[in-house]
>>> print(open('run_26.csv').read())   # CSV, C-alpha atoms and all ligand atoms
chain,number,residue,atom,x,y,z
A,196,MET,CA,74.6,69.6,120.7
A,197,THR,CA,71.5,68.7,118.7
A,198,VAL,CA,69.0,71.2,120.0
A,199,LYS,CA,67.1,72.8,117.2
A,200,ILE,CA,64.1,75.0,118.0
A,201,PHE,CA,63.8,77.3,115.0
A,202,ASP,CA,61.0,75.5,113.3
A,203,THR,CA,58.9,75.1,116.4
A,204,PRO,CA,55.5,76.9,116.5
A,205,GLU,CA,56.6,78.8,119.6
A,206,VAL,CA,59.7,80.2,117.9
A,207,GLN,CA,57.8,81.1,114.7
A,208,ASP,CA,55.1,82.9,116.7
A,209,PHE,CA,57.8,84.7,118.7
A,210,LEU,CA,59.5,85.8,115.5
A,211,ASN,CA,56.3,87.2,114.2
A,212,ALA,CA,55.9,89.1,117.4
A,213,VAL,CA,59.5,90.4,117.3
A,214,ALA,CA,58.9,91.7,113.7
A,215,GLY,CA,55.6,93.4,114.7
A,216,VAL,CA,53.7,91.2,112.1
A,217,ASP,CA,50.7,91.3,114.4
A,218,GLN,CA,50.8,95.1,114.9
A,219,SER,CA,48.8,97.5,112.7
A,220,GLY,CA,51.3,100.3,112.9
A,221,GLY,CA,54.8,100.5,111.5
A,222,ASN,CA,56.2,99.9,108.0
A,223,ASP,CA,55.4,96.7,106.1
A,224,ARG,CA,58.7,96.6,104.3
A,225,ALA,CA,60.6,97.1,107.6
A,226,LYS,CA,58.5,94.2,109.1
A,227,GLN,CA,59.3,91.9,106.2
A,228,ILE,CA,63.0,92.7,106.3
A,229,VAL,CA,63.3,92.4,110.1
A,230,HIS,CA,61.4,89.2,110.1
A,231,ARG,CA,63.8,87.7,107.5
A,232,LEU,CA,66.9,89.1,109.1
A,233,VAL,CA,66.2,88.1,112.7
A,234,GLY,CA,64.8,84.8,111.5
A,235,ASP,CA,68.0,84.0,109.5
A,236,LEU,CA,70.1,84.9,112.6
A,237,PHE,CA,67.9,82.8,114.9
A,238,LYS,CA,68.4,79.9,112.5
A,239,LEU,CA,72.1,80.5,112.3
A,240,ILE,CA,72.4,80.4,116.2
A,241,ASP,CA,70.5,77.1,116.1
A,242,ASP,CA,72.6,75.6,113.2
A,243,PHE,CA,76.0,76.7,114.5
A,244,ASP,CA,75.2,76.2,118.2
A,245,VAL,CA,76.3,79.7,118.8
A,246,THR,CA,77.2,80.1,122.5
A,247,GLU,CA,76.2,82.9,124.8
A,248,GLU,CA,79.8,83.9,125.0
A,249,GLU,CA,80.0,84.2,121.2
A,250,TYR,CA,76.7,86.0,120.9
A,251,TRP,CA,77.6,88.7,123.5
A,252,ALA,CA,81.1,89.1,122.0
A,253,GLY,CA,79.3,89.9,118.7
A,254,VAL,CA,77.1,92.5,120.3
A,255,ASN,CA,80.1,94.1,121.9
A,256,LEU,CA,81.9,94.2,118.6
A,257,LEU,CA,78.9,95.9,117.0
A,258,ASN,CA,78.9,98.5,119.7
A,259,ALA,CA,82.6,99.1,119.1
A,260,LEU,CA,82.1,99.4,115.3
A,261,GLY,CA,79.2,101.9,115.8
A,262,SER,CA,81.0,104.0,118.4
A,263,GLN,CA,83.9,104.4,116.0
A,264,THR,CA,81.6,105.0,113.0
A,265,GLN,CA,83.3,102.0,111.2
A,266,PHE,CA,80.3,100.4,109.5
A,267,GLY,CA,81.2,102.4,106.4
A,268,LEU,CA,84.6,100.7,106.5
A,269,LEU,CA,83.3,97.2,107.4
A,270,SER,CA,80.7,97.4,104.6
A,271,PRO,CA,83.2,97.3,101.7
A,272,GLY,CA,85.4,95.0,103.7
A,273,LEU,CA,82.6,92.4,103.9
A,274,GLY,CA,81.9,93.0,100.2
A,275,PHE,CA,78.5,94.6,100.5
A,276,ASP,CA,79.5,97.7,98.4
A,277,HIS,CA,80.8,95.4,95.6
A,278,PHE,CA,77.7,93.2,95.9
A,279,LEU,CA,75.5,96.2,95.4
A,280,ASP,CA,77.7,97.1,92.3
A,281,MET,CA,77.2,93.6,91.0
A,282,ARG,CA,73.5,94.0,91.4
A,283,GLN,CA,73.5,97.3,89.6
A,284,ASP,CA,75.5,95.8,86.7
A,285,ALA,CA,72.9,93.0,86.4
A,286,ILE,CA,70.0,95.6,86.5
A,287,ASP,CA,71.7,97.6,83.8
A,288,ALA,CA,72.3,94.4,81.7
A,289,GLU,CA,68.7,93.4,82.1
A,290,ALA,CA,67.6,96.9,80.9
A,291,LYS,CA,70.0,96.6,78.0
A,292,ARG,CA,72.1,99.5,79.3
A,293,THR,CA,75.5,98.2,78.4
A,294,GLY,CA,78.8,99.8,77.6
A,295,GLY,CA,80.6,102.7,79.2
A,296,THR,CA,83.3,102.8,81.9
A,297,PRO,CA,82.5,100.3,84.7
A,298,ARG,CA,81.2,101.5,88.1
A,299,THR,CA,82.9,100.6,91.3
A,300,ILE,CA,82.4,101.5,95.0
A,301,GLU,CA,82.1,105.1,96.2
A,302,GLY,CA,83.5,104.4,99.7
A,303,PRO,CA,82.5,106.5,102.7
A,304,LEU,CA,84.8,109.6,102.3
A,305,TYR,CA,83.2,111.8,99.7
A,306,VAL,CA,82.6,115.4,100.8
A,307,ALA,CA,80.1,117.5,98.9
A,308,GLY,CA,80.8,121.1,97.8
A,309,ALA,CA,84.4,120.9,96.5
A,310,PRO,CA,85.7,123.9,94.6
A,311,GLU,CA,84.7,124.0,90.9
A,312,ALA,CA,86.9,124.7,87.9
A,313,GLU,CA,86.7,124.6,84.1
A,314,GLY,CA,89.0,122.2,82.2
A,315,PHE,CA,91.9,122.3,84.7
A,316,ALA,CA,92.3,122.4,88.5
A,317,ARG,CA,95.2,122.1,90.9
A,318,MET,CA,93.9,119.8,93.6
A,319,ASP,CA,96.6,119.8,96.3
A,320,ASP,CA,97.6,122.8,98.3
A,321,GLY,CA,101.4,122.1,97.9
A,322,SER,CA,101.9,121.3,101.6
A,323,ASP,CA,102.6,117.5,101.2
A,324,ALA,CA,106.3,117.5,101.0
A,325,ASP,CA,106.4,113.7,100.4
A,326,GLY,CA,104.0,113.9,97.5
A,327,GLU,CA,105.1,113.1,94.0
A,328,VAL,CA,103.5,115.4,91.4
A,329,MET,CA,100.7,113.7,89.5
A,330,TRP,CA,99.3,115.0,86.2
A,331,LEU,CA,95.9,113.4,85.9
A,332,THR,CA,94.0,113.9,82.7
A,333,GLY,CA,91.4,112.3,80.4
A,334,GLN,CA,88.5,112.7,78.1
A,335,VAL,CA,84.9,112.1,78.8
A,336,ARG,CA,83.0,110.5,75.9
A,337,ASP,CA,79.8,108.7,75.1
A,338,VAL,CA,79.9,105.1,74.2
A,339,ASP,CA,80.2,106.0,70.5
A,340,GLY,CA,83.4,107.9,71.2
A,341,THR,CA,81.8,111.4,70.9
A,342,PRO,CA,83.3,113.9,73.4
A,343,ILE,CA,81.0,115.3,76.0
A,344,PRO,CA,81.9,119.0,76.6
A,345,GLY,CA,81.0,120.3,80.0
A,346,ALA,CA,80.8,116.9,81.6
A,347,LYS,CA,81.1,117.2,85.4
A,348,VAL,CA,84.1,115.3,86.8
A,349,GLU,CA,84.3,115.2,90.6
A,350,ILE,CA,87.6,113.8,91.9
A,351,TRP,CA,88.8,113.0,95.4
A,352,HIS,CA,91.8,111.2,96.8
A,353,CYS,CA,94.1,110.9,99.8
A,354,ASN,CA,97.5,112.4,100.5
A,355,SER,CA,100.9,110.7,100.7
A,356,LYS,CA,100.0,109.4,104.3
A,357,GLY,CA,96.6,107.9,103.3
A,358,GLY,CA,94.6,110.7,104.8
A,359,TYR,CA,91.5,112.4,103.3
A,360,SER,CA,90.8,116.1,103.9
A,361,PHE,CA,87.9,116.9,106.1
A,362,PHE,CA,88.2,113.5,107.9
A,363,ASP,CA,91.9,114.2,108.5
A,364,PRO,CA,91.8,117.6,110.3
A,365,SER,CA,95.5,118.3,109.7
A,366,GLN,CA,94.6,119.0,106.0
A,367,ASP,CA,93.1,122.2,104.5
A,368,GLU,CA,89.4,122.1,103.6
A,369,TYR,CA,88.8,120.4,100.3
A,370,ASN,CA,92.5,119.5,99.8
A,371,MET,CA,92.6,117.0,97.0
A,372,ARG,CA,88.9,117.4,96.2
A,373,ARG,CA,87.8,119.2,93.1
A,374,THR,CA,85.0,119.4,90.6
A,375,ILE,CA,86.2,120.0,87.0
A,376,TYR,CA,83.9,120.7,84.1
A,377,ALA,CA,85.3,119.1,80.9
A,378,ASP,CA,86.5,121.6,78.2
A,379,SER,CA,85.0,121.9,74.7
A,380,ASP,CA,86.8,118.7,73.7
A,381,GLY,CA,85.5,116.8,76.8
A,382,ARG,CA,88.9,116.9,78.4
A,383,TYR,CA,89.7,117.4,82.1
A,384,THR,CA,93.1,117.9,83.7
A,385,ALA,CA,94.2,118.0,87.3
A,386,ARG,CA,97.5,118.6,88.9
A,387,SER,CA,97.8,116.9,92.3
A,388,ILE,CA,100.1,114.4,94.0
A,389,ILE,CA,100.1,110.6,93.7
A,390,PRO,CA,98.0,109.2,96.6
A,391,SER,CA,99.2,106.5,98.9
A,392,GLY,CA,97.5,103.2,99.6
A,393,TYR,CA,96.2,102.9,103.1
A,394,GLY,CA,94.8,100.4,105.5
A,395,VAL,CA,92.2,99.9,108.2
A,396,PRO,CA,93.7,101.1,111.4
A,397,GLU,CA,95.5,98.4,113.3
A,398,GLY,CA,93.4,97.1,116.2
A,399,ALA,CA,90.3,98.9,115.1
A,400,PRO,CA,87.0,96.9,115.3
A,401,THR,CA,87.0,96.5,111.5
A,402,ASP,CA,90.6,95.1,111.7
A,403,VAL,CA,89.4,92.7,114.4
A,404,VAL,CA,86.8,91.3,112.1
A,405,LEU,CA,89.1,91.0,109.1
A,406,LYS,CA,91.9,89.4,111.2
A,407,SER,CA,89.3,86.8,112.4
A,408,LEU,CA,88.8,85.9,108.7
A,409,GLY,CA,92.6,85.7,108.1
A,410,ARG,CA,92.3,88.8,105.9
A,411,HIS,CA,94.2,92.2,105.7
A,412,GLY,CA,92.6,95.6,105.5
A,413,GLU,CA,94.8,97.2,102.9
A,414,ARG,CA,93.8,99.2,99.8
A,415,PRO,CA,96.0,100.1,96.8
A,416,ALA,CA,96.6,103.7,95.8
A,417,HIS,CA,93.4,104.9,94.1
A,418,ILE,CA,91.5,107.9,93.0
A,419,HIS,CA,87.7,108.4,93.3
A,420,TYR,CA,85.4,109.8,90.6
A,421,PHE,CA,81.8,110.9,90.1
A,422,VAL,CA,81.2,111.7,86.4
A,423,SER,CA,78.0,113.0,85.0
A,424,ALA,CA,76.5,114.9,82.1
A,425,PRO,CA,72.9,115.6,81.0
A,426,GLY,CA,71.5,112.7,78.9
A,427,HIS,CA,74.0,110.2,80.3
A,428,GLN,CA,74.1,107.7,83.2
A,429,HIS,CA,75.8,109.0,86.3
A,430,LEU,CA,79.0,107.1,87.0
A,431,THR,CA,80.6,106.3,90.4
A,432,THR,CA,84.0,104.8,90.0
A,433,GLN,CA,87.6,104.9,91.0
A,434,ILE,CA,90.9,104.0,89.4
A,435,ASN,CA,93.5,101.8,91.1
A,436,LEU,CA,97.1,102.6,90.2
A,437,ALA,CA,99.0,99.8,88.6
A,438,GLY,CA,102.1,98.4,90.4
A,439,ASP,CA,100.8,98.8,94.0
A,440,PRO,CA,101.2,95.6,96.0
A,441,TYR,CA,97.4,95.7,96.6
A,442,THR,CA,96.3,96.6,93.1
A,443,TYR,CA,94.7,93.2,92.7
A,444,ASP,CA,94.3,92.5,96.4
A,445,ASP,CA,92.1,95.3,97.6
A,446,PHE,CA,90.3,94.6,100.9
A,447,ALA,CA,87.3,96.7,99.7
A,448,PHE,CA,87.0,94.7,96.4
A,449,ALA,CA,86.9,97.9,94.3
A,450,THR,CA,89.5,96.7,91.7
A,451,ARG,CA,88.2,96.1,88.1
A,452,GLU,CA,90.5,95.3,85.3
A,453,GLU,CA,89.4,98.2,83.2
A,454,LEU,CA,90.0,100.6,86.1
A,455,VAL,CA,93.7,99.7,86.7
A,456,VAL,CA,95.7,102.6,85.3
A,457,PRO,CA,99.5,103.1,85.2
A,458,ALA,CA,101.2,106.1,86.5
A,459,GLU,CA,103.9,106.8,84.0
A,460,ARG,CA,107.0,108.6,85.2
A,461,ILE,CA,108.0,111.6,82.9
A,462,ASP,CA,111.4,113.2,83.2
A,463,ASP,CA,111.5,114.8,79.7
A,464,PRO,CA,112.4,118.5,80.4
A,465,ALA,CA,110.2,119.7,77.5
A,466,GLU,CA,107.1,117.9,79.0
A,467,ILE,CA,108.0,119.3,82.5
A,468,ALA,CA,108.3,122.8,81.1
A,469,LYS,CA,105.1,122.5,79.2
A,470,ARG,CA,103.3,122.0,82.5
A,471,GLU,CA,105.3,124.6,84.4
A,472,LEU,CA,106.5,122.0,86.9
A,473,ASP,CA,109.8,121.9,88.7
A,474,GLY,CA,110.9,118.4,88.0
A,475,PRO,CA,109.8,114.9,87.0
A,476,PHE,CA,106.2,113.9,87.5
A,477,SER,CA,103.8,111.0,87.1
A,478,HIS,CA,101.3,111.0,84.2
A,479,VAL,CA,98.0,109.3,84.8
A,480,VAL,CA,95.4,109.1,82.0
A,481,PHE,CA,91.9,108.0,82.6
A,482,ASP,CA,89.3,108.4,79.8
A,483,VAL,CA,85.7,107.9,80.8
A,484,GLU,CA,82.8,106.7,78.7
A,485,LEU,CA,79.3,107.4,79.8
A,486,ALA,CA,76.2,105.4,78.7
A,487,GLN,CA,73.3,107.4,77.3
A,488,THR,CA,70.0,107.5,79.1
A,489,ASP,CA,66.8,109.5,79.0
A,490,ALA,CA,65.9,108.5,82.6
A,491,ALA,CA,66.4,111.5,84.9
A,492,GLU,CA,66.9,109.3,88.0
A,493,LEU,CA,69.9,107.6,86.3
A,494,GLN,CA,71.6,110.9,85.5
A,495,VAL,CA,72.3,111.7,89.2
A,496,ARG,CA,74.0,109.8,92.0
A,497,HIS,CA,71.8,107.8,94.2
A,498,ALA,CA,70.9,109.2,97.6
A,499,ARG,CA,73.0,108.3,100.5
A,500,PRO,CA,74.3,110.1,103.6
A,501,ARG,CA,77.4,112.0,102.6
A,502,ALA,CA,79.5,114.5,104.4
A,503,LYS,CA,78.3,118.1,103.8
A,504,GLU,CA,75.7,116.9,101.3
A,505,ASP,CA,73.0,118.5,103.5
A,506,ASP,CA,74.0,120.3,106.6
A,507,GLN,CA,70.4,120.2,107.9
A,508,ASP,CA,70.3,116.4,107.6
A,509,LEU,CA,71.4,114.3,110.6
A,510,ALA,CA,72.5,111.4,108.4
A,511,SER,CA,74.8,113.7,106.4
A,512,GLN,CA,76.2,115.0,109.7
A,513,LEU,CA,76.9,111.5,110.9
A,514,ALA,CA,78.5,110.6,107.6
A,515,GLY,CA,81.0,113.4,108.3
A,516,THR,CA,82.2,111.7,111.5
A,517,ALA,CA,83.5,108.6,109.8
A,518,LYS,CA,86.8,107.4,111.0
A,519,VAL,CA,89.4,106.5,108.5
B,601,FE,FE,89.5,106.0,99.0
>>> encode(input="run_26.csv", output="structure tokens")
Amino acid sequence: MTVKIFDTPEVQDFLNAVAGVDQSGGNDRAKQIVHRLVGDLFKLIDDFDVTEEEYWAGVNLLNALGSQTQFGLLSPGLGFDHFLDMRQDAIDAEAKRTGGTPRTIEGPLYVAGAPEAEGFARMDDGSDADGEVMWLTGQVRDVDGTPIPGAKVEIWHCNSKGGYSFFDPSQDEYNMRRTIYADSDGRYTARSIIPSGYGVPEGAPTDVVLKSLGRHGERPAHIHYFVSAPGHQHLTTQINLAGDPYTYDDFAFATREELVVPAERIDDPAEIAKRELDGPFSHVVFDVELAQTDAAELQVRHARPRAKEDDQDLASQLAGTAKV
């Protein structure tokens, strides 16, 4: 088929009407973005001769994604989360804010309000019988290597089945979610269990999209972090454990070389006794370097709907319904 109508005056006038360009009300930025977005899709339909069957299959898929709150899962899968990180990296570079531990995606499963501790916290409730004990520790420093006492280290990860507390109702509230304030030497330590990798549910709408691209929906075992301190740039990051089959093949594109960390198996009785553990454990060390900044807006995480961030806010409530 050779029918191309996008550039005709009729379609261009129609596009302006769709985007409310001729209306006095509304929001100018919304109009500009909708005009571009709808226009690009109209052109795509023209260029690829998208059939009516294909178009309505797409609408149906969007409905399925929305009804199962899976856009937060599809978003990293289609690389939007990593693309936003690449843009933030470029913005930092342009502003000469360089150095520090690299950022990587937050994902949709943070829950605000985790219990707080000073220096050390046990993160798991001990109920995960398949979990291998993890001793997770590190130092928070500035880019010159000076420790940052009192730095706020928020950590969250999944259990041995790939489930996150709150979203997985079988787990206790805030299981494997803690906020640890670094000690006088900038150090934090957590006792928890080694998380499992996990994948997009088989047959879910996100899985349908990925399979149509010949891709899988698997993530390696990983641990999420927010790290912040006054006078320093807030860091959103995560570590991927080395040796996982998907360490370098993460469907969410969160892997960065500097963020791949080994879990070292320790069976020395003296080390076990020092930590008052019952047997061998895995030792994971993740030191964090924060870049300095005077800009207040860079010292806090950016706004986004997050579970329990604001119980009065509908967007936060909806974020709490994400399927995993
Ligand atoms: Fe995760």
>>> residues_around(input="run_26.csv", residues="Val335 in chain A", least_positions_apart="5", cutoff="12 Å", atoms="only C-alpha atoms", output="number ranges by chain")
A: 295-296, 314, 340-348, 375-384, 421-424, 427, 430, 480-486
>>> write_last_selection(input="run_26.csv", atoms="C-alpha atoms", output="compact mmCIF listing (two decimals), in the frame of the given file")
# COMPACT_ATOMS: atom_id res chain seq x y z
CA GLY A 295 80.60 102.70 79.20
CA THR A 296 83.30 102.80 81.90
CA GLY A 314 89.00 122.20 82.20
CA GLY A 340 83.40 107.90 71.20
CA THR A 341 81.80 111.40 70.90
CA PRO A 342 83.30 113.90 73.40
CA ILE A 343 81.00 115.30 76.00
CA PRO A 344 81.90 119.00 76.60
CA GLY A 345 81.00 120.30 80.00
CA ALA A 346 80.80 116.90 81.60
CA LYS A 347 81.10 117.20 85.40
CA VAL A 348 84.10 115.30 86.80
CA ILE A 375 86.20 120.00 87.00
CA TYR A 376 83.90 120.70 84.10
CA ALA A 377 85.30 119.10 80.90
CA ASP A 378 86.50 121.60 78.20
CA SER A 379 85.00 121.90 74.70
CA ASP A 380 86.80 118.70 73.70
CA GLY A 381 85.50 116.80 76.80
CA ARG A 382 88.90 116.90 78.40
CA TYR A 383 89.70 117.40 82.10
CA THR A 384 93.10 117.90 83.70
CA PHE A 421 81.80 110.90 90.10
CA VAL A 422 81.20 111.70 86.40
CA SER A 423 78.00 113.00 85.00
CA ALA A 424 76.50 114.90 82.10
CA HIS A 427 74.00 110.20 80.30
CA LEU A 430 79.00 107.10 87.00
CA VAL A 480 95.40 109.10 82.00
CA PHE A 481 91.90 108.00 82.60
CA ASP A 482 89.30 108.40 79.80
CA VAL A 483 85.70 107.90 80.80
CA GLU A 484 82.80 106.70 78.70
CA LEU A 485 79.30 107.40 79.80
CA ALA A 486 76.20 105.40 78.70
>>> residues_around(input="run_26.csv", residues="range 260-273 of chain A", least_positions_apart="2", cutoff="7 Å", atoms="all atoms listed in the file", output="list in words")
Leu256, Leu257, Asn258, Phe275, Asp276, His277, Pro303, Pro400, Thr401, Phe446, Ala447, Thr516, Ala517 and Lys518 of chain A
>>> write_last_selection(input="run_26.csv", atoms="C-alpha atoms", output="PDB file, keeping the file's coordinate frame")
ATOM      1  CA  LEU A 256      81.900  94.200 118.600  1.00  0.00           C
ATOM      2  CA  LEU A 257      78.900  95.900 117.000  1.00  0.00           C
ATOM      3  CA  ASN A 258      78.900  98.500 119.700  1.00  0.00           C
ATOM      4  CA  PHE A 275      78.500  94.600 100.500  1.00  0.00           C
ATOM      5  CA  ASP A 276      79.500  97.700  98.400  1.00  0.00           C
ATOM      6  CA  HIS A 277      80.800  95.400  95.600  1.00  0.00           C
ATOM      7  CA  PRO A 303      82.500 106.500 102.700  1.00  0.00           C
ATOM      8  CA  PRO A 400      87.000  96.900 115.300  1.00  0.00           C
ATOM      9  CA  THR A 401      87.000  96.500 111.500  1.00  0.00           C
ATOM     10  CA  PHE A 446      90.300  94.600 100.900  1.00  0.00           C
ATOM     11  CA  ALA A 447      87.300  96.700  99.700  1.00  0.00           C
ATOM     12  CA  THR A 516      82.200 111.700 111.500  1.00  0.00           C
ATOM     13  CA  ALA A 517      83.500 108.600 109.800  1.00  0.00           C
ATOM     14  CA  LYS A 518      86.800 107.400 111.000  1.00  0.00           C
TER      15      LYS A 518
END
>>> residues_around(input="run_26.csv", residues="Val216 in chain A", least_positions_apart="2", cutoff="12 Å", atoms="only C-alpha atoms", output="number ranges by chain")
A: 207-214, 218-231
>>> residues_near_ligand(input="run_26.csv", ligand="ligand FE 601 (chain B)", cutoff="8 Å", atoms="all atoms listed in the file", output="list in words")
Glu301, Gly302, Pro303, Leu304, Trp351, His352, Cys353, Tyr359, His417, Ile418 and His419 of chain A
>>> closest_residue(input="run_26.csv", among="A:Tyr305, A:Thr203, A:Pro440, A:Pro425", to="Asp489 in chain A", atoms="only C-alpha atoms")
A:Pro425
>>> residues_near_point(input="run_26.csv", point="(110.8, 114.6, 78.8)", cutoff="12 Å", atoms="only C-alpha atoms", output="short mmCIF file (atom, residue, chain, number, x, y, z; two decimals) with C-alpha atoms, in the coordinates of the input")
data_model
loop_
_atom_site.label_atom_id
_atom_site.label_comp_id
_atom_site.auth_asym_id
_atom_site.auth_seq_id
_atom_site.Cartn_x
_atom_site.Cartn_y
_atom_site.Cartn_z
CA GLU A 459 103.90 106.80 84.00
CA ARG A 460 107.00 108.60 85.20
CA ILE A 461 108.00 111.60 82.90
CA ASP A 462 111.40 113.20 83.20
CA ASP A 463 111.50 114.80 79.70
CA PRO A 464 112.40 118.50 80.40
CA ALA A 465 110.20 119.70 77.50
CA GLU A 466 107.10 117.90 79.00
CA ILE A 467 108.00 119.30 82.50
CA ALA A 468 108.30 122.80 81.10
CA LYS A 469 105.10 122.50 79.20
CA ARG A 470 103.30 122.00 82.50
CA LEU A 472 106.50 122.00 86.90
CA GLY A 474 110.90 118.40 88.00
CA PRO A 475 109.80 114.90 87.00
CA PHE A 476 106.20 113.90 87.50
CA SER A 477 103.80 111.00 87.10
CA HIS A 478 101.30 111.00 84.20
#
>>> closest_residue(input="run_26.csv", among="A:Glu327, A:Asp508, A:Glu311, A:Asp339", to="Thr374 in chain A", atoms="only C-alpha atoms")
A:Glu311
>>> atom_distance(input="run_26.csv", atom1="CA of Gln283 in chain A", atom2="CA of Leu436 in chain A")
24.2 Å
>>> residues_around(input="run_26.csv", residues="His497 in chain A", least_positions_apart="4", cutoff="10 Å", atoms="only C-alpha atoms", output="PyMOL selection string")
chain A and resi 429+431+492-493
>>> atom_distance(input="run_26.csv", atom1="CA of Val404 in chain A", atom2="CA of Ala416 in chain A")
22.7 Å
>>> atom_distance(input="run_26.csv", atom1="CA of Leu239 in chain A", atom2="CA of Gly398 in chain A")
27.3 Å
>>> residues_around(input="run_26.csv", residues="Asn370 in chain A", least_positions_apart="6", cutoff="8 Å", atoms="only C-alpha atoms", output="PyMOL selection string")
chain A and resi 318-320+359-360
>>> closest_residue(input="run_26.csv", among="A:Ile240, A:Val328, A:Ile286, A:Ala312", to="Arg372 in chain A", atoms="only C-alpha atoms")
A:Ala312
>>> closest_residue(input="run_26.csv", among="A:Gly333, A:Gly357, A:Asp445, A:Pro390", to="Arg410 in chain A", atoms="only C-alpha atoms")
A:Asp445
>>> closest_residue(input="run_26.csv", among="A:Gly515, A:Arg501, A:Arg414, A:Gln428", to="Thr442 in chain A", atoms="all atoms listed in the file")
A:Arg414
>>> closest_residue(input="run_26.csv", among="A:Ala399, A:Leu331, A:Ala307, A:Met371", to="Ser511 in chain A", atoms="all atoms listed in the file")
A:Ala307
